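The structure under discussion appears below in the form of structure tokens.
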Amino acid sequence: RIVVVVGNGKSAVDLAVASSNAGADSVTLLSRNAHWATPRLIADLIPFQYVFLSRLGQNLVLGLTGPLPGCSPAHSSVWYSVGQYIMPPIFKVVELLFAAQFRNVTGPTSPFNKVGVVEDFYGYAQVLDYSLRDKVKSGEVDWKVGAIDSFESDGAVLADGEKVSADLVICGTGFQKEYSVFDSATREKLNIESDGLWLFNHTIPTNVDNLAFVGSELAVISNISGYGLQAAWLSKLWSGEINANKQDMESEVNEMKEWKRKWMPNTPSRSSLVLLHQIHWYDRIMNDIGMKASRKSNLLSEWFMPYESSDYHGVLTTLEEKK
């Protein structure tokens with residue numbers, strides 16, 4: 001088989017590596033743009049969770065992007081007023097480190113000096129091992145930047161005129177949400193935009209009564225705990241234990257739109273993205289449902305250890321027992 005995999009997200013990378021491992025005669029990974037990959041071990045030493053899922057790491061990101069509306073504590077704005085000048089050069093060093101780890105500092109497939117690693121994570125997040133890097137280095141996978149213009153019987157013609165041979169083309173290009181389960185009147189009220197469905201706290205549509213979305217419109221790193229806490233929050237809201245009027249909900253949604261559109265890539269999922277601001281979103285949930293937001297046993301662990309789903313063990317059971 002002569003395989004061409006189209007895409008540059010985790011699925012496309014896995015498909016290219018798996019095709020090579022399965023014995024394909026040749027494998028080409030065709031990516032429209034260069035995107036960042038995060039190494040599983042940063043500097044080949046530190047598990048990425050200690051940076052991406054620790055309170056310290058997420059506050060460093062906040063210094064670059066600003067606080068998550070409705071969720072981050074008030075003092076976060078003070079840190080951002082300073083961090084927006086301090087953090088860009090620090091993240092530039094991080095980018096150089098990541099690019100060096102993947103042996104991808106220069107060339108068309110390198111995102112270095114093309115797009116910021118944090119910004120790109122919010123459009124094309126992926127955490128990888130070195131499988132693709134090693135396949136590219138050995139020549140088992142040919143990684144190109146380009147886009148298919150047309151297909152021929154024995155391959156594809158790229159937009160720049162180059163011909164790529166193939167007898168199997170696999171599109172690992174993601175998916176597009178659609179909401180046809182709702183009638184046209186409801187879809188109109190939902191006002192689904194090109195960058196997604198904007199909801200209060202990523203859960204409640206402000207113009208449709210008795211409707212909520214759990215899981216589908218929320219992108220966090222720890223899905224299991226995220227969706228469970230979201231459901232707990234919703235139960236408290238609908239039981240009247242959390243106060244939220246329509247005006248306040250619409251105001252927060254508009255603030256969230258403005259904040260995300262200021263720096264996140266324009267993707268169809270932008271409205272749902274929390275990712276590296278996950279801890280502050282969890283804090284908001286925990287505070288709203290009347291439970292302790294800080295889940296670690298001491299201050300050092302609170303700031304330096306990664307937050308995992310196990311830190312929220314027992315939350316739903318405790319809420320049930322309080323009924």
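Residue numbering restarts at 1 in every chain; chains get A, B, ... in the order shown in the structure tokens, and ligands count up from 1 in that same order.
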
Give me, as a Markdown table, each residue of stretch 127-240 of chain A that comes within 9 Å of stretch 264-288 of chain A, together with its shortest interatomic pair and the distance in Å at one decimal, counting only C-alpha atoms, with rows ordered by chain and rising residue number.
```
| residue | atom | partner | partner_atom | distance |
| --- | --- | --- | --- | --- |
| A:Gln176 | CA | A:Pro268 | CA | 7.4 |
| A:Lys177 | CA | A:Pro268 | CA | 8.2 |
| A:Glu193 | CA | A:Pro268 | CA | 8.3 |
| A:Ser194 | CA | A:Pro268 | CA | 5.8 |
| A:Asp195 | CA | A:Pro268 | CA | 4.1 |
| A:Gly196 | CA | A:Ser271 | CA | 5.1 |
| A:Leu197 | CA | A:Ser271 | CA | 6.0 |
| A:Trp198 | CA | A:Ser271 | CA | 5.4 |
| A:Leu199 | CA | A:Ser271 | CA | 7.9 |
| A:Asn201 | CA | A:Trp281 | CA | 8.7 |
| A:His202 | CA | A:Ser272 | CA | 6.4 |
| A:Ser216 | CA | A:Ser272 | CA | 8.2 |
| A:Glu217 | CA | A:Ser272 | CA | 4.9 |
| A:Leu218 | CA | A:Ser272 | CA | 4.6 |
| A:Ala219 | CA | A:Leu273 | CA | 4.8 |
| A:Val220 | CA | A:Leu275 | CA | 4.4 |
| A:Ile221 | CA | A:Leu275 | CA | 5.3 |
| A:Ser222 | CA | A:Gln278 | CA | 8.3 |
| A:Gly226 | CA | A:Tyr282 | CA | 7.5 |
| A:Leu229 | CA | A:Ile285 | CA | 6.8 |
| A:Gln230 | CA | A:Ile285 | CA | 7.3 |
| A:Ala232 | CA | A:Ile285 | CA | 8.4 |
| A:Trp233 | CA | A:Ile285 | CA | 6.1 |
| A:Lys236 | CA | A:Asp288 | CA | 8.3 |
| A:Leu237 | CA | A:Asp288 | CA | 8.9 |
```

*Long-range neighbours of A:Ser20 as a VMD selection string, 12 Å cut-off, only C-alpha atoms, 2 positions minimum in chain*: chain A and resid 1 to 5 13 to 18 22 to 29 131 to 132 134 to 136 138 to 142

*Determine which residues of stretch 128-263 of chain A DSSP labels as helix (DSSP H, G or I) from the backbone of this structure, then write them out as number ranges by chain.*
A: 131-138, 184-190, 223-238, 246-263

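The neighbours of A:Ala100 here are the residues that come within 12 Å of it, using only C-alpha atoms and leaving out any residue fewer than 4 positions away in the same chain; they are Trp36, Ala37, Thr38, Pro39, Ile42, Ala43, Asp44, Val93, Val94, Glu95, Leu96, Asn104, Val105, Thr106, Ser110, Pro111, Phe112, Tyr130 and Arg133 of chain A.
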
Residues of the last selection are to be written out with C-alpha atoms, as a short mmCIF file (atom, residue, chain, number, x, y, z; two decimals), in the first residue's frame.
```cif
data_model
loop_
_atom_site.label_atom_id
_atom_site.label_comp_id
_atom_site.auth_asym_id
_atom_site.auth_seq_id
_atom_site.Cartn_x
_atom_site.Cartn_y
_atom_site.Cartn_z
CA TRP A 36 2.75 22.32 17.90
CA ALA A 37 3.03 18.96 19.60
CA THR A 38 3.62 18.76 23.32
CA PRO A 39 6.10 16.09 24.48
CA ILE A 42 9.09 17.98 28.92
CA ALA A 43 12.87 18.21 28.56
CA ASP A 44 12.70 14.40 28.60
CA VAL A 93 12.05 29.35 25.30
CA VAL A 94 9.47 26.62 25.91
CA GLU A 95 8.70 26.56 22.18
CA LEU A 96 12.38 26.19 21.30
CA ASN A 104 11.67 20.14 14.26
CA VAL A 105 13.20 23.57 14.84
CA THR A 106 13.33 24.63 11.19
CA SER A 110 8.16 23.37 12.15
CA PRO A 111 5.72 25.72 13.94
CA PHE A 112 8.60 27.59 15.61
CA TYR A 130 8.48 10.41 19.59
CA ARG A 133 9.63 12.07 14.93
#
```

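For the choices A:Leu60, A:Leu168, A:Ala159, A:Leu97, the atom-to-atom distance to A:Trp79 is smallest for A:Leu60 when using only C-alpha atoms.
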
*Looking at only C-alpha atoms, which of A:Trp263, A:Phe48, A:Phe213, A:Asp160 is the one that sits closest to A:Val118?*
A:Trp263

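Neighbours of A:Asn8 closer than or equal to 8 Å, with only C-alpha atoms counted and sequence neighbours fewer than 2 positions away skipped, come out as A:Val6, A:Lys10, A:Ser11, A:Ala12, A:Val13, A:Leu29, A:Leu30, A:Ser31, A:Arg32, A:Asn33, A:Ala34, A:His35, A:Gly172, A:Thr173.
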
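Residues of stretch 3-88 of chain A assigned to strand (DSSP E) by DSSP on this structure's backbone: Val3, Val4, Val5, Val6, Ser26, Val27, Thr28, Leu29, Leu30, Ser31, Thr38, Pro39, Leu41, Ile42, Ile46 and Pro47 of chain A.
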
Would you save the residues from that selection as a short mmCIF file (atom, residue, chain, number, x, y, z; two decimals), in the first residue's frame, using N, CA, C and O atoms?
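Output (selection.cif):
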```cif
data_model
loop_
_atom_site.label_atom_id
_atom_site.label_comp_id
_atom_site.auth_asym_id
_atom_site.auth_seq_id
_atom_site.Cartn_x
_atom_site.Cartn_y
_atom_site.Cartn_z
N VAL A 3 0.32 4.94 1.12
CA VAL A 3 -0.67 5.60 1.96
C VAL A 3 -0.36 7.09 2.09
O VAL A 3 0.79 7.48 2.34
N VAL A 4 -1.40 7.92 1.96
CA VAL A 4 -1.32 9.34 2.28
C VAL A 4 -2.33 9.62 3.38
O VAL A 4 -3.52 9.30 3.25
N VAL A 5 -1.84 10.18 4.48
CA VAL A 5 -2.72 10.57 5.58
C VAL A 5 -2.81 12.10 5.57
O VAL A 5 -1.79 12.79 5.59
N VAL A 6 -4.03 12.60 5.55
CA VAL A 6 -4.26 14.05 5.52
C VAL A 6 -4.63 14.53 6.91
O VAL A 6 -5.54 13.98 7.55
N SER A 26 4.89 2.87 1.55
CA SER A 26 5.31 4.23 1.84
C SER A 26 4.15 4.96 2.52
O SER A 26 2.98 4.64 2.28
N VAL A 27 4.50 5.92 3.37
CA VAL A 27 3.49 6.70 4.09
C VAL A 27 3.86 8.17 3.99
O VAL A 27 5.00 8.56 4.28
N THR A 28 2.89 8.98 3.57
CA THR A 28 3.06 10.43 3.54
C THR A 28 2.05 11.06 4.48
O THR A 28 0.85 10.75 4.41
N LEU A 29 2.52 11.90 5.37
CA LEU A 29 1.63 12.69 6.22
C LEU A 29 1.54 14.08 5.60
O LEU A 29 2.55 14.78 5.51
N LEU A 30 0.35 14.47 5.18
CA LEU A 30 0.14 15.74 4.49
C LEU A 30 -0.61 16.69 5.40
O LEU A 30 -1.77 16.45 5.74
N SER A 31 0.05 17.76 5.81
CA SER A 31 -0.54 18.72 6.75
C SER A 31 -0.67 20.08 6.08
O SER A 31 0.24 20.53 5.38
N THR A 38 3.05 18.70 21.98
CA THR A 38 3.62 18.76 23.32
C THR A 38 4.23 17.41 23.67
O THR A 38 3.57 16.38 23.51
N PRO A 39 5.48 17.38 24.11
CA PRO A 39 6.10 16.09 24.48
C PRO A 39 5.51 15.54 25.77
O PRO A 39 5.17 16.29 26.68
N LEU A 41 7.11 13.95 27.97
CA LEU A 41 8.08 14.32 29.01
C LEU A 41 8.76 15.61 28.58
O LEU A 41 9.52 15.63 27.60
N ILE A 42 8.48 16.70 29.26
CA ILE A 42 9.09 17.98 28.92
C ILE A 42 10.56 17.95 29.33
O ILE A 42 10.90 17.59 30.46
N ILE A 46 10.24 15.85 32.75
CA ILE A 46 9.06 16.23 33.53
C ILE A 46 7.79 15.79 32.81
O ILE A 46 7.54 16.24 31.69
N PRO A 47 6.97 14.93 33.39
CA PRO A 47 5.68 14.58 32.78
C PRO A 47 4.86 15.84 32.51
O PRO A 47 4.79 16.73 33.37
#
```

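Every protein, DNA or RNA residue with an atom at most 9 Å from A:Gly57, where only C-alpha atoms count and chain neighbours fewer than 3 positions away do not, is listed here: Tyr50, Val51, Phe52, Leu53, Ser54, Leu60, Val61, Leu62, Leu276, Trp303, Phe304 and Pro306 of chain A.
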
_Considering only C-alpha atoms, can you say which of A:Gly174, A:Arg40, A:Pro205, A:Glu321 comes closest to A:Asp129?_
A:Arg40
